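Coordinates from protein01.cif are shown below (mmCIF, C-alpha atoms).
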```cif
data_input
#
loop_
_atom_site.label_atom_id
_atom_site.label_comp_id
_atom_site.auth_asym_id
_atom_site.auth_seq_id
_atom_site.Cartn_x
_atom_site.Cartn_y
_atom_site.Cartn_z
CA MET A 1 137.92 93.86 128.86
CA TYR A 2 138.19 97.65 128.49
CA GLU A 3 135.35 98.19 126.01
CA ALA A 4 132.80 99.36 128.59
CA PHE A 5 135.25 101.86 130.09
CA TYR A 6 135.67 103.61 126.73
CA GLY A 7 132.07 103.07 125.60
CA LEU A 8 133.05 100.77 122.73
CA ALA A 9 130.82 98.20 121.10
CA SER A 10 133.73 95.91 120.14
CA LYS A 11 137.51 95.60 120.30
CA PRO A 12 138.94 98.13 117.84
CA PHE A 13 142.46 96.72 117.57
CA GLN A 14 142.11 92.97 117.29
CA LEU A 15 144.94 91.26 115.44
CA SER A 16 142.86 88.97 113.22
CA PRO A 17 141.92 90.50 109.83
CA ASP A 18 138.39 91.92 109.72
CA PRO A 19 137.08 93.47 106.47
CA SER A 20 134.56 95.55 108.43
CA PHE A 21 137.52 97.55 109.81
CA TYR A 22 139.09 98.05 106.37
CA PHE A 23 140.86 101.40 106.15
CA GLY A 24 141.57 102.90 102.74
CA SER A 25 144.99 104.46 103.21
CA LYS A 26 146.79 105.98 100.22
CA GLN A 27 148.71 102.69 99.88
CA HIS A 28 145.61 100.51 100.15
CA ARG A 29 143.48 102.60 97.78
CA ARG A 30 146.18 102.31 95.13
CA ALA A 31 146.48 98.57 95.71
CA LYS A 32 142.71 98.09 95.54
CA ALA A 33 142.51 99.95 92.24
CA TYR A 34 145.05 97.55 90.74
CA LEU A 35 143.15 94.58 92.14
CA ASP A 36 139.81 95.80 90.80
CA TYR A 37 141.39 96.16 87.37
CA GLY A 38 142.87 92.67 87.56
CA VAL A 39 139.57 91.13 88.63
CA LEU A 40 137.73 92.78 85.75
CA ARG A 41 140.14 91.10 83.33
CA SER A 42 139.07 87.71 84.74
CA ASP A 43 142.32 86.02 83.78
CA GLY A 44 146.01 85.95 84.57
CA PHE A 45 147.67 86.42 87.94
CA ILE A 46 147.28 89.20 90.48
CA VAL A 47 150.30 89.65 92.77
CA ILE A 48 149.99 91.40 96.14
CA THR A 49 153.04 91.84 98.35
CA GLY A 50 153.71 93.67 101.59
CA GLU A 51 155.43 93.43 104.94
CA ILE A 52 154.06 91.12 107.65
CA GLY A 53 151.02 92.84 109.14
CA ALA A 54 150.69 95.42 106.34
CA GLY A 55 147.03 94.52 105.70
CA LYS A 56 147.31 92.25 102.65
CA THR A 57 144.77 89.71 103.89
CA THR A 58 142.29 92.41 104.95
CA LEU A 59 142.57 93.99 101.51
CA VAL A 60 141.94 90.69 99.74
CA ARG A 61 139.00 89.81 101.98
CA GLY A 62 137.47 93.21 101.38
CA LEU A 63 137.81 92.71 97.65
CA LEU A 64 136.26 89.23 97.81
CA ASP A 65 133.34 90.57 99.83
CA SER A 66 132.63 93.01 97.01
CA LEU A 67 132.31 90.19 94.45
CA ASN A 68 129.06 88.55 93.51
CA ARG A 69 129.54 85.21 95.27
CA SER A 70 126.71 83.64 93.31
CA ASN A 71 128.90 83.41 90.21
CA VAL A 72 132.36 83.07 91.78
CA VAL A 73 133.88 79.88 93.20
CA ILE A 74 136.78 80.66 95.53
CA GLY A 75 139.56 78.31 96.59
CA ASN A 76 141.93 79.49 99.31
CA ILE A 77 145.27 77.89 100.21
CA VAL A 78 148.13 78.85 102.52
CA THR A 79 151.41 77.52 101.17
CA THR A 80 154.27 75.96 103.03
CA GLN A 81 157.45 74.41 101.69
CA LEU A 82 155.72 71.87 99.46
CA ASP A 83 156.82 70.36 96.20
CA ALA A 84 154.98 71.18 93.00
CA GLU A 85 152.67 68.15 92.97
CA ASP A 86 151.60 68.67 96.58
CA THR A 87 150.77 72.29 95.70
CA LEU A 88 148.47 71.02 92.94
CA ARG A 89 146.78 68.70 95.42
CA LEU A 90 146.25 71.64 97.77
CA VAL A 91 144.55 73.47 94.91
CA GLY A 92 142.28 70.50 94.36
CA ALA A 93 141.42 70.29 98.05
CA ALA A 94 140.69 74.04 98.16
CA PHE A 95 138.03 73.60 95.45
CA GLY A 96 136.69 70.36 96.89
CA VAL A 97 138.05 68.19 94.07
CA ARG A 98 138.99 64.63 95.05
CA VAL A 99 142.66 64.27 94.13
CA LYS A 100 144.04 62.20 97.00
CA ASP A 101 146.49 59.49 95.88
CA LEU A 102 146.03 60.39 92.21
CA PRO A 103 149.08 60.70 89.94
CA LYS A 104 149.87 64.19 88.70
CA SER A 105 148.33 63.65 85.26
CA GLU A 106 144.99 62.66 86.80
CA VAL A 107 145.14 65.55 89.27
CA LEU A 108 145.44 67.97 86.35
CA MET A 109 142.59 66.27 84.48
CA ALA A 110 140.37 66.37 87.56
CA LEU A 111 141.07 70.09 88.07
CA GLU A 112 140.41 70.91 84.42
CA ALA A 113 137.14 68.95 84.48
CA PHE A 114 136.05 70.88 87.59
CA PHE A 115 136.93 74.27 86.08
CA VAL A 116 135.12 73.44 82.83
CA SER A 117 132.05 72.29 84.77
CA GLU A 118 131.90 75.57 86.72
CA ALA A 119 132.46 77.66 83.58
CA SER A 120 129.61 75.85 81.79
CA ARG A 121 127.36 76.90 84.69
CA GLY A 122 128.36 80.54 84.23
CA LYS A 123 130.74 80.61 87.19
CA ARG A 124 134.34 81.72 87.40
CA CYS A 125 137.00 80.12 89.60
CA LEU A 126 139.28 82.27 91.72
CA LEU A 127 142.28 80.79 93.54
CA ILE A 128 143.82 82.70 96.48
CA VAL A 129 147.38 81.62 97.38
CA ASP A 130 148.56 83.11 100.68
CA GLU A 131 152.19 83.10 101.88
CA ALA A 132 153.26 82.89 98.24
CA GLN A 133 156.89 83.57 99.16
CA ASN A 134 157.05 79.91 100.25
CA LEU A 135 156.34 78.64 96.74
CA SER A 136 159.18 76.90 94.93
CA ALA A 137 159.95 77.84 91.34
CA ARG A 138 158.43 74.51 90.20
CA ALA A 139 155.25 75.17 92.18
CA VAL A 140 154.90 78.61 90.57
CA GLU A 141 155.34 76.94 87.18
CA GLU A 142 152.55 74.45 87.95
CA LEU A 143 150.24 77.33 88.84
CA ARG A 144 151.16 78.98 85.54
CA MET A 145 150.21 75.80 83.70
CA LEU A 146 146.77 75.90 85.35
CA SER A 147 146.25 79.31 83.74
CA ASN A 148 146.50 77.58 80.36
CA PHE A 149 143.15 75.87 80.95
CA GLN A 150 140.57 77.57 78.71
CA PHE A 151 136.88 77.26 77.92
CA GLY A 152 136.50 78.81 74.48
CA ASN A 153 138.26 82.17 74.81
CA GLN A 154 137.72 82.28 78.55
CA SER A 155 140.38 81.44 81.15
CA LEU A 156 139.08 78.84 83.56
CA VAL A 157 140.88 80.07 86.67
CA GLN A 158 142.32 83.34 87.93
CA THR A 159 144.90 83.35 90.72
CA PHE A 160 145.75 85.85 93.47
CA LEU A 161 149.26 85.42 94.88
CA VAL A 162 149.65 87.13 98.26
CA GLY A 163 153.06 87.18 99.89
CA GLN A 164 155.86 88.98 101.66
CA PRO A 165 158.32 91.27 99.81
CA GLU A 166 160.76 88.46 99.06
CA PHE A 167 158.21 87.02 96.63
CA ARG A 168 158.94 89.97 94.33
CA ALA A 169 162.58 88.89 94.23
CA ILE A 170 161.51 85.35 93.31
CA LEU A 171 159.50 86.69 90.38
CA GLN A 172 162.54 88.56 89.05
CA ARG A 173 164.49 85.35 88.46
CA PRO A 174 165.23 84.61 84.78
CA GLU A 175 163.22 81.38 84.85
CA MET A 176 160.12 83.36 85.88
CA GLU A 177 159.89 85.26 82.58
CA GLN A 178 156.91 83.26 81.26
CA PHE A 179 155.10 83.68 84.56
CA ARG A 180 155.71 87.45 84.62
CA GLN A 181 154.03 87.73 81.23
CA ARG A 182 150.85 86.27 82.78
CA ILE A 183 150.61 88.87 85.58
CA ALA A 184 147.53 91.04 85.01
CA ALA A 185 148.15 93.35 87.99
CA SER A 186 150.77 93.69 90.70
CA CYS A 187 150.93 95.91 93.77
CA HIS A 188 153.04 96.34 96.89
CA ILE A 189 151.59 97.60 100.17
CA GLY A 190 154.08 99.70 102.10
CA PRO A 191 153.85 101.13 105.63
CA LEU A 192 151.47 103.94 106.57
CA ASP A 193 152.85 107.45 106.89
CA GLU A 194 152.26 109.45 110.07
CA GLU A 195 149.08 111.10 108.78
CA ASP A 196 147.54 107.80 107.71
CA THR A 197 148.61 106.19 111.01
CA GLN A 198 146.49 108.73 112.91
CA ARG A 199 143.58 108.33 110.50
CA TYR A 200 143.88 104.54 110.76
CA ILE A 201 143.62 104.63 114.56
CA GLU A 202 140.70 107.06 114.52
CA HIS A 203 138.94 104.98 111.84
CA ARG A 204 139.15 101.75 113.83
CA LEU A 205 137.94 103.47 116.99
CA LYS A 206 134.98 104.90 115.09
CA CYS A 207 134.16 101.46 113.65
CA ALA A 208 134.17 100.09 117.20
CA GLY A 209 131.66 102.73 118.33
CA ALA A 210 133.95 105.31 119.98
CA ALA A 211 132.47 108.73 120.74
CA ASP A 212 134.44 110.99 123.09
CA LYS A 213 136.77 108.35 124.54
CA PRO A 214 139.59 107.51 124.36
CA ARG A 215 141.40 110.79 123.67
CA PHE A 216 144.90 110.84 122.17
CA ASP A 217 147.42 113.66 122.38
CA ALA A 218 148.91 114.66 119.04
CA ASP A 219 152.30 113.54 120.34
CA ALA A 220 150.83 110.11 121.09
CA PHE A 221 150.05 109.57 117.40
CA THR A 222 153.59 110.58 116.51
CA ALA A 223 154.99 108.15 119.09
CA LEU A 224 152.74 105.35 117.82
CA HIS A 225 153.89 105.86 114.23
CA ARG A 226 157.53 105.90 115.28
CA ALA A 227 157.20 102.74 117.37
CA SER A 228 155.13 100.79 114.82
CA HIS A 229 156.95 101.98 111.67
CA GLY A 230 153.49 102.39 110.14
CA ILE A 231 152.72 98.65 110.03
CA PRO A 232 148.98 98.17 110.81
CA ARG A 233 149.38 94.97 112.85
CA ARG A 234 152.03 96.60 115.04
CA ILE A 235 149.76 99.63 115.46
CA ASN A 236 146.99 97.28 116.60
CA THR A 237 149.25 95.61 119.16
CA LEU A 238 150.44 98.93 120.58
CA CYS A 239 146.99 100.53 120.67
CA ASP A 240 145.39 97.49 122.30
CA ARG A 241 147.93 97.61 125.11
CA LEU A 242 147.62 101.40 125.29
CA LEU A 243 143.86 101.20 125.83
CA LEU A 244 144.42 98.55 128.49
CA LEU A 245 146.90 100.84 130.24
CA GLY A 246 144.41 103.71 130.22
CA PHE A 247 141.77 101.39 131.64
CA MET A 248 144.12 100.26 134.41
CA HIS A 249 144.88 103.86 135.34
CA GLU A 250 141.23 104.92 134.88
CA ASN A 251 142.44 107.60 132.50
CA PRO A 252 140.92 107.83 128.98
CA HIS A 253 143.42 110.56 128.01
CA LEU A 254 146.45 108.89 126.40
CA THR A 255 149.82 110.58 125.92
CA ALA A 256 153.20 109.98 124.33
CA ALA A 257 154.49 108.99 127.78
CA ASP A 258 151.84 106.26 127.92
CA VAL A 259 152.94 105.02 124.49
CA GLU A 260 156.55 104.90 125.70
CA GLU A 261 155.53 102.88 128.75
CA VAL A 262 153.70 100.37 126.54
CA VAL A 263 156.69 100.13 124.18
CA GLN A 264 159.03 99.44 127.10
CA ASP A 265 156.69 96.79 128.54
CA LEU A 266 156.43 95.01 125.20
CA ALA A 267 160.20 95.17 124.73
CA ALA A 268 160.74 93.72 128.21
CA GLU A 269 158.27 90.91 127.53
CA SER A 270 159.98 90.11 124.24
CA ALA A 271 163.40 90.06 125.90
CA SER A 272 162.08 87.85 128.67
CA ALA A 273 160.57 85.43 126.18
CA THR A 274 163.86 85.02 124.33
CA ALA A 275 166.21 85.09 127.35
CA PRO A 276 167.79 81.80 128.53
CA ALA A 277 165.84 80.16 131.33
CA VAL A 278 167.01 80.73 134.92
CA HIS A 279 166.16 77.55 136.79
CA GLY A 280 167.60 77.47 140.19
CA ALA A 281 170.42 75.76 142.30
CA GLN A 282 172.43 73.83 139.80
CA ILE A 283 175.13 75.98 138.23
CA ASN A 284 176.07 75.35 134.64
CA GLY A 285 179.47 76.99 134.70
CA ASP A 286 180.51 76.01 131.19
CA ALA A 287 177.48 77.41 129.34
CA SER A 288 178.55 78.94 126.07
CA ASP A 289 176.83 82.27 126.77
CA GLY A 290 178.08 82.52 130.35
CA ASP A 291 174.56 82.42 131.81
CA LEU A 292 173.87 80.76 135.11
CA ALA A 293 171.30 77.99 134.96
CA VAL A 294 169.98 77.51 138.50
CA ASP A 295 167.69 74.61 139.39
CA LEU A 296 166.05 75.07 142.78
CA ASP A 297 165.05 71.52 143.73
CA LEU A 298 164.81 71.33 147.51
CA THR A 299 164.16 67.59 147.54
CA ARG A 300 167.37 66.87 145.68
CA LEU A 301 169.25 69.36 147.85
CA ARG A 302 168.12 67.66 151.06
CA SER A 303 169.12 64.26 149.69
CA ARG A 304 172.53 65.59 148.78
CA VAL A 305 173.03 67.00 152.26
CA ALA A 306 171.98 63.68 153.79
CA GLY A 307 174.29 61.81 151.46
CA GLY A 308 177.26 64.00 152.20
CA GLY A 309 177.41 65.35 148.65
CA LEU A 310 176.78 68.98 149.54
CA ASN A 311 180.47 69.92 149.53
CA GLY A 312 180.75 68.80 145.93
CA GLU A 313 177.69 70.86 144.95
CA LEU A 314 179.08 73.95 146.70
CA GLY A 315 182.37 73.42 144.94
CA ALA A 316 180.60 73.31 141.59
CA LEU A 317 178.76 76.51 142.54
CA ALA A 318 182.01 78.27 143.39
CA ASP A 319 183.61 77.06 140.16
CA GLY A 320 180.66 78.39 138.18
CA LEU A 321 180.84 81.80 139.82
CA ALA A 322 184.57 81.98 139.34
CA GLY A 323 184.08 81.40 135.61
CA LEU A 324 182.15 84.67 135.32
CA ASN A 325 183.80 88.08 135.36
CA LEU A 326 182.20 90.98 137.19
CA ASP A 327 180.64 92.44 134.04
CA ASP A 328 178.94 89.12 133.27
CA GLN A 329 177.61 88.88 136.82
CA ASP A 330 176.33 92.46 136.76
CA ALA A 331 174.60 91.89 133.41
CA ARG A 332 172.89 88.69 134.62
CA LEU A 333 171.81 90.29 137.89
CA GLN A 334 170.48 93.35 136.06
CA ARG A 335 168.42 91.15 133.76
CA ILE A 336 166.97 89.25 136.69
CA GLU A 337 166.19 92.55 138.45
CA ASP A 338 164.46 93.90 135.32
CA SER A 339 162.37 90.73 135.06
CA LEU A 340 161.34 90.98 138.71
CA THR A 341 160.41 94.66 138.28
CA ARG A 342 158.27 93.82 135.26
CA LEU A 343 156.62 90.94 137.12
CA GLU A 344 155.83 93.24 140.03
CA ARG A 345 154.23 95.78 137.68
CA ILE A 346 152.13 93.08 136.02
CA ASN A 347 151.01 91.80 139.44
CA GLN A 348 149.98 95.31 140.48
CA GLN A 349 148.01 95.81 137.28
CA THR A 350 146.35 92.40 137.64
CA LEU A 351 145.39 93.17 141.25
CA ALA A 352 143.91 96.53 140.24
CA LEU A 353 141.92 94.84 137.48
CA LEU A 354 140.58 92.17 139.82
CA GLN A 355 139.54 94.84 142.31
CA LYS A 356 137.64 96.66 139.57
CA LEU A 357 135.92 93.46 138.47
CA VAL A 358 134.88 92.66 142.04
CA GLY A 359 133.57 96.21 142.46
CA ALA A 360 131.59 95.94 139.23
CA MET A 361 130.00 92.66 140.32
CA ARG A 362 128.83 94.27 143.55
#
```
Could you render the structure as structure tokens?
Amino acid sequence: MYEAFYGLASKPFQLSPDPSFYFGSKQHRRAKAYLDYGVLRSDGFIVITGEIGAGKTTLVRGLLDSLNRSNVVIGNIVTTQLDAEDTLRLVGAAFGVRVKDLPKSEVLMALEAFFVSEASRGKRCLLIVDEAQNLSARAVEELRMLSNFQFGNQSLVQTFLVGQPEFRAILQRPEMEQFRQRIAASCHIGPLDEEDTQRYIEHRLKCAGAADKPRFDADAFTALHRASHGIPRRINTLCDRLLLLGFMHENPHLTAADVEEVVQDLAAESASATAPAVHGAQINGDASDGDLAVDLDLTRLRSRVAGGGLNGELGALADGLAGLNLDDQDARLQRIEDSLTRLERINQQTLALLQKLVGAMR
């Protein structure tokens, strides 16, 4: 939407992982060095952990792109709360092995036969397990047993386990001792510091074709780091909205005040998304959180008036209001007012955008 305004060839802050935008921060360079070492060993487990949005998937995809795909067979699974046998079946499906409805013993034999077949053709098998923090202890044990498959002195499969920080706690359990001994490399990706946050933003803009626009004040980078806590995905969300704001205002120069406006808008949207619904003319006076639920249904209201039931409805309304103290009423009214203000701002921005699009078409 705003790419032409800034002279960009593509969106620089999309949320989906893209290896072409890979940024080698101090954290990511260290992690990649560990991964390169683990891959060269061609056996064991490689464990990668980090906060949500820290760039784990981008790092792994960048590493995979550097491999010679002609001699590597890659299976990729995203785990949920599955039992151990279902996890094995997911592994089979990831490598294209037919394991549906087979008992566990035959699943293991089918997987071993596949791994041996690929090894005899000079290929290595690499299993990527994403969201590893969802694995049960039994599922982790089954993956460890797969690492026992050998072809001569060569391990038949190497496994990357990618997960959130809580996966590290799982690995520290006493029953995980045998698994820990099979870990060839382990790394944790933390948040970016303020310097790397600025370099990250500038890097992605450069990858998207930026030249002299947009321009960021130094204070804007500081504000972005503070608001995002150095998490790349949060930086992307903030910067995407920041560029949209600059486009709306026809101003490619972005400041800390602009960042603050974006942060407030996102906070208001988040609060609105999680706030109880306000419906309309029916008062729910005994709601546990004291909120008014109003259901504006004119058809039902007219029928109640015609049927003589309006007095009862008004009585319920009065009872509901009486059940709220003044502070509760002020808080609810303030929230409604904030929502209306935000809606008005969004409408103004949408109208300005439509006017620009119409002008461009002319």
Problem set entry | Test item: the PyMOL selection byres ((chain A and resi 178-184) around 12) resolved as a PyMOL selection string | chain A and resi 34-48+137-148+155+158-161+168-177+185-187
Seminar exercise, completed: Of A:Ser228, A:Gln133, A:Ser117, A:Gln27, the one sitting nearest Glu166 in chain A when using all atoms listed in the file is A:Gln133
Exercise. Selected by the PyMOL selection byres ((chain A and resi 198) around 12) in the shown coordinates: which residues, as a PyMOL selection string?
Worked result: chain A and resi 23+25+192-197+199-205+216-226+228+230+232+235+239
For this session: Just give me the gap between CA of Arg30 in chain A and CA of Lys11 in chain A in Å, one decimal is fine.
Result: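 Separating CA of Arg30 in chain A from CA of Lys11 in chain A is a distance of 27.5 Å.
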For this session: List, as a list in words, every residue that the PyMOL selection byres ((chain A and resi 58) around 9) selects in the file provided.
Result: Ser16, Pro17, Asp18, Pro19, Phe21, Tyr22, Gly55, Lys56, Thr57, Leu59, Val60, Arg61, Gly62 and Leu63 of chain A
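CA of Glu269 in chain A to CA of Gly190 in chain A spans 27.2 Å [interatomic distance, one decimal].
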For this session: Report the distance between CA of Leu354 in chain A and CA of Asp258 in chain A in Å, rounded to one decimal place.
Result: 21.6 Å
Could you list, as a CSV table (one decimal) with C-alpha atoms, in the frame of the given file, every residue within 12 Å of Asn68 in chain A, counting only C-alpha atoms and ignoring same-chain residues fewer than 4 positions away?
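part_18.csv, written as the output of this step:
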```csv
chain,number,residue,atom,x,y,z
A,39,VAL,CA,139.6,91.1,88.6
A,63,LEU,CA,137.8,92.7,97.6
A,64,LEU,CA,136.3,89.2,97.8
A,72,VAL,CA,132.4,83.1,91.8
A,73,VAL,CA,133.9,79.9,93.2
A,74,ILE,CA,136.8,80.7,95.5
A,123,LYS,CA,130.7,80.6,87.2
A,124,ARG,CA,134.3,81.7,87.4
```
Exercise. Which is closest to Tyr6 in chain A among A:Glu118, A:Asp130, A:Asp101, A:Glu250, if we use only C-alpha atoms?
Worked result: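 Among the listed residues, A:Glu250 lies closest to Tyr6 in chain A.
In this comparison, which uses only C-alpha atoms, the residue of A:Pro191, A:His229, A:Arg234, A:Asp240 approaching Lys26 in chain A most closely is A:Pro191.
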For this session: Rank A:Leu135, A:Ile52, A:Val157, A:Leu243 by their smallest atom-to-atom distance to Ala119 in chain A, using all atoms listed in the file, and report the top residue only.
Result: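 Comparing A:Leu135, A:Ile52, A:Val157, A:Leu243 against Ala119 in chain A, the winner is A:Val157.
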For this session: Using all atoms listed in the file, pick whichever of A:Ile231, A:Leu88, A:Val116, A:Ala93 has the shortest atom-to-atom distance to Gly75 in chain A.
Result: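 Of the candidates, the smallest distance to Gly75 in chain A is held by A:Ala93.
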